[in-house]
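K.L.:
Below is the structure I would like to discuss, written out as structure tokens.
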Amino acid sequence: MDKDEAKRALDIADKKLSENDYVGAKKFVNKAQSLYADLDGLNQVLMMINVYTSAEIKISGGIETDWYGVLGVDYKADDETVKRHYKNLALLLHPDKNRFNGAEGAFKLVLHAWSLLSDRAERYLYDERRMKKKPPPSAKAKGTPSNLFWTMCSECKTRCEYWRDSYLNRTVLCPTCGKTFIATEQIPRAVKKTSKTYNVLFGYCR
């Protein structure tokens, strides 16, 4: 049965997590998702992998952790958005509710990100540090493709804009319905303008 095969794949992903093999874990968790998308615990493992891989991304010349990426929010996100993402991740990752390997470590990363970004003074200082390294102003003039792309939640159809390098074809958490989905690119003209816009994961949701 597909469900049984999915469970076996998820067990392997869990083992890969215990070995800090996030690429291998992602491979098997994607397999589990393709076999049985409603498998219990799938979202928990997906978000753990995202938290760990985001924490490995270094910015400001490789000296700062991307704490916005850990929470999955844009650096322009308001306090309420930061709080909402923290709560959603905390529910998925708290060791009391998450039985998988690495849950405690992932939760601590999320907690650290929340502690820093919810403190206005600490967030300001962090933003000052992270903005020291900026892309060369000539990059756009040379025809560099846009580093943003549009995608859409498969559950609630919310449209979001993300950083291409960090989120294209990766599992993300929808800020509207709280479900995870694969951030595949959609053509820009498919996105209709609305009067309701949210600052979310490295971009905007409509």
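Please note that chains go A, B, ... in the order of the structure tokens, that every chain numbers its residues from 1, and that ligands are numbered from 1 in the order shown.
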Show me, as an MDAnalysis selection string, the residues that have an atom within 12 Å of Ser18 of chain A when counting only C-alpha atoms, minus same-chain residues fewer than 5 positions from it.

P.N.:
chainID A and resid 11:13 24:25 45 48:49 52 100:106

K.L.:
Please provide the set of residues having any atom within 12 Å of Arg129 of chain A, restricted to only C-alpha atoms, with same-chain residues fewer than 6 positions apart removed, written as an NGL selection string.

P.N.:
:A and (59-66 or 122-123)

K.L.:
Nearest to Leu35 of chain A: which of A:Met152, A:Lys7, A:Pro95, A:Lys16 is it, counting only C-alpha atoms?

P.N.:
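Of A:Met152, A:Lys7, A:Pro95, A:Lys16, the one nearest Leu35 of chain A is A:Lys7, counting only C-alpha atoms.
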
K.L.:
Give the alpha helix (DSSP H) residues of segment 2-188 of chain A, as assigned by DSSP on the backbone, as a ChimeraX atom specification.

P.N.:
/A:2-18,22-35,42-55,67-71,79-93,103-117,120-130,164-167

K.L.:
Rank nothing, just name the residue among A:Trp150, A:Thr171, A:Tyr124, A:His112 nearest to Gln186 of chain A, using only C-alpha atoms.

P.N.:
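Among the listed residues, the smallest separation from Gln186 of chain A belongs to A:Trp150.
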
K.L.:
Which residues, written as a count of residues only, have at least one atom at most 12 Å from Ser34 of chain A, with only C-alpha atoms counted and residues fewer than 3 positions away on the same chain left out?

P.N.:
18
